[in-house]
$ cat start.tsv   # TSV, C-alpha atoms
chain	number	residue	atom	x	y	z
A	1358	GLU	CA	73.60	198.24	19.99
A	1359	ALA	CA	76.04	195.40	20.65
A	1360	GLN	CA	79.47	196.90	21.06
A	1361	VAL	CA	82.84	197.08	22.77
A	1362	THR	CA	83.71	200.51	24.10
A	1363	GLN	CA	87.09	201.86	25.14
A	1364	ASN	CA	88.02	205.03	26.97
A	1365	PRO	CA	89.83	207.21	26.41
A	1366	ARG	CA	90.20	207.06	22.64
A	1367	TYR	CA	93.31	209.25	22.70
A	1368	LEU	CA	95.73	209.84	25.55
A	1369	ILE	CA	99.02	211.68	25.84
A	1370	THR	CA	100.81	211.18	29.14
A	1371	VAL	CA	104.24	211.36	30.70
A	1372	THR	CA	106.60	208.61	31.77
A	1373	GLY	CA	105.72	207.09	35.13
A	1374	LYS	CA	102.21	208.50	35.51
A	1375	LYS	CA	99.83	205.61	36.18
A	1376	LEU	CA	96.93	205.28	33.78
A	1377	THR	CA	93.97	203.01	33.13
A	1378	VAL	CA	92.27	202.34	29.82
A	1379	THR	CA	88.76	201.04	30.32
A	1380	CYS	CA	87.05	198.42	28.19
A	1381	SER	CA	83.43	197.42	28.42
A	1382	GLN	CA	81.21	195.10	26.38
A	1383	ASN	CA	77.43	194.74	26.45
A	1384	MET	CA	77.17	191.32	24.77
A	1385	ASN	CA	77.60	189.13	27.87
A	1386	HIS	CA	80.79	187.72	26.36
A	1387	GLU	CA	83.00	185.44	28.43
A	1388	TYR	CA	86.31	186.10	26.67
A	1389	MET	CA	88.01	189.50	26.67
A	1390	SER	CA	91.43	190.49	25.50
A	1391	TRP	CA	93.84	193.40	25.05
A	1392	TYR	CA	96.10	193.89	22.03
A	1393	ARG	CA	98.63	196.46	20.98
A	1394	GLN	CA	99.32	197.34	17.36
A	1395	ASP	CA	102.69	198.67	16.29
A	1396	PRO	CA	103.91	199.35	12.74
A	1397	GLY	CA	105.67	196.33	11.28
A	1398	LEU	CA	104.76	194.12	14.23
A	1399	GLY	CA	101.05	193.58	13.78
A	1400	LEU	CA	98.55	192.93	16.55
A	1401	ARG	CA	100.11	191.41	19.65
A	1402	GLN	CA	98.12	190.05	22.56
A	1403	ILE	CA	98.89	191.58	25.96
A	1404	TYR	CA	96.49	189.79	28.29
A	1405	TYR	CA	93.30	187.81	27.94
A	1406	SER	CA	90.56	186.65	30.24
A	1407	MET	CA	88.48	183.51	29.83
A	1408	ASN	CA	85.96	184.60	32.45
A	1409	VAL	CA	85.52	186.62	35.64
A	1410	GLU	CA	88.60	186.43	37.89
A	1411	VAL	CA	90.50	184.39	35.25
A	1412	THR	CA	93.29	186.19	33.40
A	1413	ASP	CA	96.30	184.96	31.43
A	1414	LYS	CA	99.35	186.55	29.89
A	1415	GLY	CA	99.52	186.96	26.15
A	1416	ASP	CA	102.69	187.48	24.14
A	1417	VAL	CA	103.68	190.92	25.51
A	1418	PRO	CA	102.42	191.32	29.11
A	1419	GLU	CA	105.42	193.16	30.60
A	1420	GLY	CA	104.51	196.57	31.99
A	1421	TYR	CA	100.75	195.92	31.99
A	1422	LYS	CA	98.18	194.73	34.49
A	1423	VAL	CA	94.57	193.71	34.01
A	1424	SER	CA	91.64	192.71	36.18
A	1425	ARG	CA	88.32	191.02	35.49
A	1426	LYS	CA	86.06	191.65	38.46
A	1427	GLU	CA	82.90	191.85	36.35
A	1428	LYS	CA	82.03	190.06	33.15
A	1429	ARG	CA	81.49	193.23	31.14
A	1430	ASN	CA	84.66	195.15	32.11
A	1431	PHE	CA	88.33	194.45	31.46
A	1432	PRO	CA	90.51	197.48	32.27
A	1433	LEU	CA	94.14	197.72	31.17
A	1434	ILE	CA	96.44	199.32	33.74
A	1435	LEU	CA	99.85	200.81	33.09
A	1436	GLU	CA	101.38	201.34	36.53
A	1437	SER	CA	104.43	203.21	35.27
A	1438	PRO	CA	104.13	203.93	31.55
A	1439	SER	CA	107.27	204.22	29.46
A	1440	PRO	CA	107.77	205.60	25.91
A	1441	ASN	CA	108.00	202.06	24.48
A	1442	GLN	CA	104.35	201.61	25.45
A	1443	THR	CA	103.33	204.27	22.94
A	1444	SER	CA	101.00	202.31	20.70
A	1445	LEU	CA	97.46	201.76	19.44
A	1446	TYR	CA	95.56	199.53	21.87
A	1447	PHE	CA	92.52	197.41	21.08
A	1448	CYS	CA	90.21	195.64	23.46
A	1449	ALA	CA	88.19	192.71	22.12
A	1450	SER	CA	85.58	190.28	23.38
A	1451	SER	CA	84.07	187.03	22.18
A	1452	LEU	CA	81.13	184.89	23.20
A	1453	PHE	CA	83.03	181.73	24.00
A	1454	GLY	CA	85.50	181.32	26.79
A	1455	THR	CA	88.13	180.05	24.35
A	1456	GLY	CA	90.01	181.34	21.35
A	1457	ALA	CA	87.49	179.71	19.04
A	1458	GLY	CA	84.98	182.58	19.13
A	1459	GLU	CA	85.19	185.48	16.71
A	1460	GLN	CA	86.56	188.58	18.34
A	1461	TYR	CA	84.61	191.84	18.46
A	1462	PHE	CA	87.03	194.74	18.62
A	1463	GLY	CA	86.64	198.10	20.29
A	1464	PRO	CA	87.45	201.36	18.46
A	1465	GLY	CA	91.02	201.54	19.74
A	1466	THR	CA	92.94	203.82	22.11
A	1467	ARG	CA	95.93	205.70	20.81
A	1468	LEU	CA	98.39	206.19	23.64
A	1469	THR	CA	101.46	208.41	23.53
A	1470	VAL	CA	103.93	208.32	26.42
A	1471	THR	CA	106.48	211.15	26.43
B	953	ILE	CA	105.88	183.15	20.78
B	954	LEU	CA	104.20	181.23	17.95
B	955	ASN	CA	105.09	181.91	14.33
B	956	VAL	CA	102.14	182.98	12.17
B	957	GLU	CA	103.18	184.15	8.71
B	958	GLN	CA	101.07	185.83	6.05
B	959	SER	CA	102.01	186.26	2.43
B	960	PRO	CA	102.23	188.36	0.48
B	961	GLN	CA	102.69	191.44	2.68
B	962	SER	CA	100.88	193.59	0.15
B	963	LEU	CA	99.00	193.03	-3.05
B	964	HIS	CA	97.69	195.28	-5.82
B	965	VAL	CA	94.80	193.80	-7.78
B	966	GLN	CA	92.71	195.17	-10.62
B	967	GLU	CA	89.00	195.61	-9.96
B	968	GLY	CA	87.14	192.52	-11.10
B	969	ASP	CA	90.10	190.16	-10.72
B	970	SER	CA	90.12	187.36	-8.20
B	971	THR	CA	92.92	186.97	-5.70
B	972	ASN	CA	94.09	184.85	-2.80
B	973	PHE	CA	96.62	184.97	-0.02
B	974	THR	CA	98.09	182.65	2.56
B	975	CYS	CA	98.36	182.23	6.30
B	976	SER	CA	100.89	179.72	7.67
B	977	PHE	CA	100.79	178.55	11.26
B	978	PRO	CA	102.18	175.75	13.47
B	979	SER	CA	100.77	172.36	12.48
B	980	SER	CA	100.79	171.07	16.06
B	981	ASN	CA	98.38	171.86	18.91
B	982	PHE	CA	95.86	173.43	16.54
B	983	TYR	CA	92.68	174.79	18.10
B	984	ALA	CA	91.31	177.47	15.75
B	985	LEU	CA	92.24	179.78	12.90
B	986	HIS	CA	90.62	183.21	12.53
B	987	TRP	CA	90.44	185.63	9.59
B	988	TYR	CA	89.76	189.35	10.08
B	989	ARG	CA	89.29	192.28	7.74
B	990	TRP	CA	90.79	195.59	8.87
B	991	GLU	CA	89.96	198.79	7.04
B	992	THR	CA	92.03	201.91	7.59
B	993	ALA	CA	90.90	203.98	10.60
B	994	LYS	CA	88.49	201.25	11.70
B	995	SER	CA	88.69	198.19	13.95
B	996	PRO	CA	89.28	194.64	12.74
B	997	GLU	CA	86.10	192.74	11.89
B	998	ALA	CA	85.76	188.98	11.95
B	999	LEU	CA	85.37	187.12	8.66
B	1000	PHE	CA	85.74	183.48	9.65
B	1001	VAL	CA	86.67	181.21	12.51
B	1002	MET	CA	87.69	177.71	11.42
B	1003	THR	CA	88.30	174.79	13.72
B	1004	LEU	CA	88.32	171.61	11.61
B	1005	ASN	CA	90.83	170.37	9.09
B	1006	GLY	CA	89.33	170.73	5.64
B	1007	ASP	CA	86.93	173.48	6.75
B	1008	GLU	CA	85.74	175.76	3.98
B	1009	LYS	CA	83.85	178.94	4.83
B	1010	LYS	CA	82.20	181.49	2.55
B	1011	LYS	CA	80.77	184.96	3.02
B	1012	GLY	CA	79.64	186.58	-0.20
B	1013	ARG	CA	82.65	186.82	-2.54
B	1014	ILE	CA	85.12	185.89	0.19
B	1015	SER	CA	85.95	182.31	1.10
B	1016	ALA	CA	88.61	180.50	3.13
B	1017	THR	CA	90.04	177.02	3.38
B	1018	LEU	CA	91.95	175.32	6.15
B	1019	ASN	CA	94.64	172.62	6.23
B	1020	THR	CA	95.64	171.97	9.84
B	1021	LYS	CA	97.91	169.01	9.02
B	1022	GLU	CA	100.25	171.14	6.93
B	1023	GLY	CA	99.53	174.39	8.77
B	1024	TYR	CA	98.06	176.77	6.22
B	1025	SER	CA	94.87	178.59	5.32
B	1026	TYR	CA	93.96	180.42	2.12
B	1027	LEU	CA	91.66	183.40	1.81
B	1028	TYR	CA	90.07	183.93	-1.60
B	1029	ILE	CA	88.32	187.02	-2.94
B	1030	LYS	CA	86.35	186.59	-6.13
B	1031	GLY	CA	85.73	189.55	-8.45
B	1032	SER	CA	87.54	192.13	-6.29
B	1033	GLN	CA	85.79	195.44	-5.67
B	1034	PRO	CA	87.29	198.73	-4.39
B	1035	GLU	CA	85.55	198.19	-1.04
B	1036	ASP	CA	87.62	195.02	-0.58
B	1037	SER	CA	90.70	197.20	-0.07
B	1038	ALA	CA	91.83	196.47	3.50
B	1039	THR	CA	94.38	194.57	5.53
B	1040	TYR	CA	93.45	190.93	6.02
B	1041	LEU	CA	94.67	189.34	9.24
B	1042	CYS	CA	94.80	185.74	10.28
B	1043	ALA	CA	95.13	184.62	13.90
B	1044	PHE	CA	96.10	181.23	15.27
B	1045	CYS	CA	94.84	179.72	18.51
B	1046	ALA	CA	96.64	176.72	20.02
B	1047	HIS	CA	95.48	174.06	22.43
B	1048	SER	CA	96.59	174.68	25.98
B	1049	GLY	CA	95.96	172.38	28.92
B	1050	GLY	CA	92.24	171.76	29.07
B	1051	GLY	CA	91.26	174.38	26.54
B	1052	ALA	CA	92.58	177.04	24.23
B	1053	ASP	CA	95.43	179.50	24.41
B	1054	GLY	CA	95.37	183.15	23.40
B	1055	LEU	CA	95.43	184.39	19.79
B	1056	THR	CA	98.60	185.02	17.81
B	1057	PHE	CA	98.07	187.28	14.80
B	1058	GLY	CA	100.01	187.40	11.58
B	1059	LYS	CA	101.20	190.79	10.30
B	1060	GLY	CA	98.52	190.87	7.63
B	1061	THR	CA	98.19	191.13	3.86
B	1062	HIS	CA	97.50	194.68	2.70
B	1063	LEU	CA	95.18	194.47	-0.31
B	1064	ILE	CA	94.66	197.40	-2.66
B	1065	ILE	CA	92.05	197.14	-5.39
B	1066	GLN	CA	92.76	199.41	-8.34
B	1067	PRO	CA	89.76	200.64	-10.35

$ encode --input "start.tsv" --output "structure tokens"
Amino acid sequence: EAQVTQNPRYLITVTGKKLTVTCSQNMNHEYMSWYRQDPGLGLRQIYYSMNVEVTDKGDVPEGYKVSRKEKRNFPLILESPSPNQTSLYFCASSLFGTGAGEQYFGPGTRLTVT
Amino acid sequence: ILNVEQSPQSLHVQEGDSTNFTCSFPSSNFYALHWYRWETAKSPEALFVMTLNGDEKKKGRISATLNTKEGYSYLYIKGSQPEDSATYLCAFCAHSGGGADGLTFGKGTHLIIQP
């Protein structure tokens, strides 16, 4: 089944404890992206990647890191999480290496930082 | 940060009625405009991706139009059904250098269909 998977789905952590949210897609898509969703603010793009070893900042990259060493994986790293990073996170992928391809979203990761 | 506005924020519609809502985006550096449907407790699902001025797309009872010169897109739902209840998101992609930029989403229109 073609899909985007994220792990973990739920995470409660403490301020400053490094964490990684994994994202993997099995559709051979070039473009992958991370978003956060906050009430009243909508979906905001954190980072995106047009292809392996190519990443770019989205609208809200501060406090996050990403890497794209393989086409299928695009992990989101929070080196020192803070409470303002409590949010619902979505990973997405699309076939084309541009913003013109429809995005396939993962199931979401709900992160709470205390 | 680009300004992508959706209106109205929420909408209550009687079952069987038709409805439409708007997405406004910058009229310069246009690359693509996306529409997504987002049901509660699920992930957003793509409806349309439009790239050309004057584009019209249709999927069942849902259709969309695009005006890149004036910076707006309309989403239409004909004969609304309870299963159409969802938040509808649009996302704008701008030209950047030799290709496209990231996606900027609007805050969505929350549609509730009343039986």

$ interface_residues --input "start.tsv" --of "chain B" --to "chain A" --cutoff "9 Å" --atoms "all atoms listed in the file" --output "ChimeraX atom specification"
/B:953-954,983-988,993-1003,1041,1044-1046,1051-1060

$ write_last_selection --input "start.tsv" --atoms "C-alpha atoms" --output "PDB file, in the coordinates of the input"
ATOM      1  CA  ILE B 953     105.880 183.150  20.780  1.00  0.00           C
ATOM      2  CA  LEU B 954     104.200 181.230  17.950  1.00  0.00           C
ATOM      3  CA  TYR B 983      92.680 174.790  18.100  1.00  0.00           C
ATOM      4  CA  ALA B 984      91.310 177.470  15.750  1.00  0.00           C
ATOM      5  CA  LEU B 985      92.240 179.780  12.900  1.00  0.00           C
ATOM      6  CA  HIS B 986      90.620 183.210  12.530  1.00  0.00           C
ATOM      7  CA  TRP B 987      90.440 185.630   9.590  1.00  0.00           C
ATOM      8  CA  TYR B 988      89.760 189.350  10.080  1.00  0.00           C
ATOM      9  CA  ALA B 993      90.900 203.980  10.600  1.00  0.00           C
ATOM     10  CA  LYS B 994      88.490 201.250  11.700  1.00  0.00           C
ATOM     11  CA  SER B 995      88.690 198.190  13.950  1.00  0.00           C
ATOM     12  CA  PRO B 996      89.280 194.640  12.740  1.00  0.00           C
ATOM     13  CA  GLU B 997      86.100 192.740  11.890  1.00  0.00           C
ATOM     14  CA  ALA B 998      85.760 188.980  11.950  1.00  0.00           C
ATOM     15  CA  LEU B 999      85.370 187.120   8.660  1.00  0.00           C
ATOM     16  CA  PHE B1000      85.740 183.480   9.650  1.00  0.00           C
ATOM     17  CA  VAL B1001      86.670 181.210  12.510  1.00  0.00           C
ATOM     18  CA  MET B1002      87.690 177.710  11.420  1.00  0.00           C
ATOM     19  CA  THR B1003      88.300 174.790  13.720  1.00  0.00           C
ATOM     20  CA  LEU B1041      94.670 189.340   9.240  1.00  0.00           C
ATOM     21  CA  PHE B1044      96.100 181.230  15.270  1.00  0.00           C
ATOM     22  CA  CYS B1045      94.840 179.720  18.510  1.00  0.00           C
ATOM     23  CA  ALA B1046      96.640 176.720  20.020  1.00  0.00           C
ATOM     24  CA  GLY B1051      91.260 174.380  26.540  1.00  0.00           C
ATOM     25  CA  ALA B1052      92.580 177.040  24.230  1.00  0.00           C
ATOM     26  CA  ASP B1053      95.430 179.500  24.410  1.00  0.00           C
ATOM     27  CA  GLY B1054      95.370 183.150  23.400  1.00  0.00           C
ATOM     28  CA  LEU B1055      95.430 184.390  19.790  1.00  0.00           C
ATOM     29  CA  THR B1056      98.600 185.020  17.810  1.00  0.00           C
ATOM     30  CA  PHE B1057      98.070 187.280  14.800  1.00  0.00           C
ATOM     31  CA  GLY B1058     100.010 187.400  11.580  1.00  0.00           C
ATOM     32  CA  LYS B1059     101.200 190.790  10.300  1.00  0.00           C
ATOM     33  CA  GLY B1060      98.520 190.870   7.630  1.00  0.00           C
TER      34      GLY B1060
END

$ residues_near_point --input "start.tsv" --point "(93.6, 196.4, 37.4)" --cutoff "12 Å" --atoms "only C-alpha atoms" --output "PyMOL selection string"
chain A and resi 1375-1380+1404+1410+1412+1421-1427+1430-1436

$ atom_distance --input "start.tsv" --atom1 "CA of His1386 (chain A)" --atom2 "CA of Ser976 (chain B)"
28.6 Å

$ atom_distance --input "start.tsv" --atom1 "CA of Trp1391 (chain A)" --atom2 "CA of Ser962 (chain B)"
25.9 Å

$ residues_near_point --input "start.tsv" --point "(98.2, 173.9, 12.9)" --cutoff "7 Å" --atoms "all atoms listed in the file" --output "list in words"
Phe977, Pro978, Ser979, Ser980, Asn981, Phe982, Thr1020, Lys1021, Glu1022 and Gly1023 of chain B

$ write_last_selection --input "start.tsv" --atoms "C-alpha atoms" --output "mmCIF file, in the frame of the given file"
data_model
loop_
_atom_site.group_PDB
_atom_site.id
_atom_site.type_symbol
_atom_site.label_atom_id
_atom_site.label_comp_id
_atom_site.auth_asym_id
_atom_site.auth_seq_id
_atom_site.Cartn_x
_atom_site.Cartn_y
_atom_site.Cartn_z
ATOM 1 C CA PHE B 977 100.790 178.550 11.260
ATOM 2 C CA PRO B 978 102.180 175.750 13.470
ATOM 3 C CA SER B 979 100.770 172.360 12.480
ATOM 4 C CA SER B 980 100.790 171.070 16.060
ATOM 5 C CA ASN B 981 98.380 171.860 18.910
ATOM 6 C CA PHE B 982 95.860 173.430 16.540
ATOM 7 C CA THR B 1020 95.640 171.970 9.840
ATOM 8 C CA LYS B 1021 97.910 169.010 9.020
ATOM 9 C CA GLU B 1022 100.250 171.140 6.930
ATOM 10 C CA GLY B 1023 99.530 174.390 8.770
#

$ atom_distance --input "start.tsv" --atom1 "CA of Arg989 (chain B)" --atom2 "CA of Cys1042 (chain B)"
8.9 Å

$ closest_residue --input "start.tsv" --among "A:Ser1437, A:Thr1372, A:Asn1383, A:Gln1363" --to "Ser1451 (chain A)" --atoms "all atoms listed in the file"
A:Asn1383

$ residues_around --input "start.tsv" --residues "Lys1010 (chain B)" --least-positions-apart "3" --cutoff "10 Å" --atoms "only C-alpha atoms" --output "list in words"
Leu999, Phe1000, Arg1013, Ile1014, Ser1015, Ala1016, Thr1017, Leu1027, Tyr1028 and Ile1029 of chain B

$ closest_residue --input "start.tsv" --among "A:Lys1374, A:Asn1364, A:Glu1358, A:Asn1385" --to "Ser1450 (chain A)" --atoms "all atoms listed in the file"
A:Asn1385
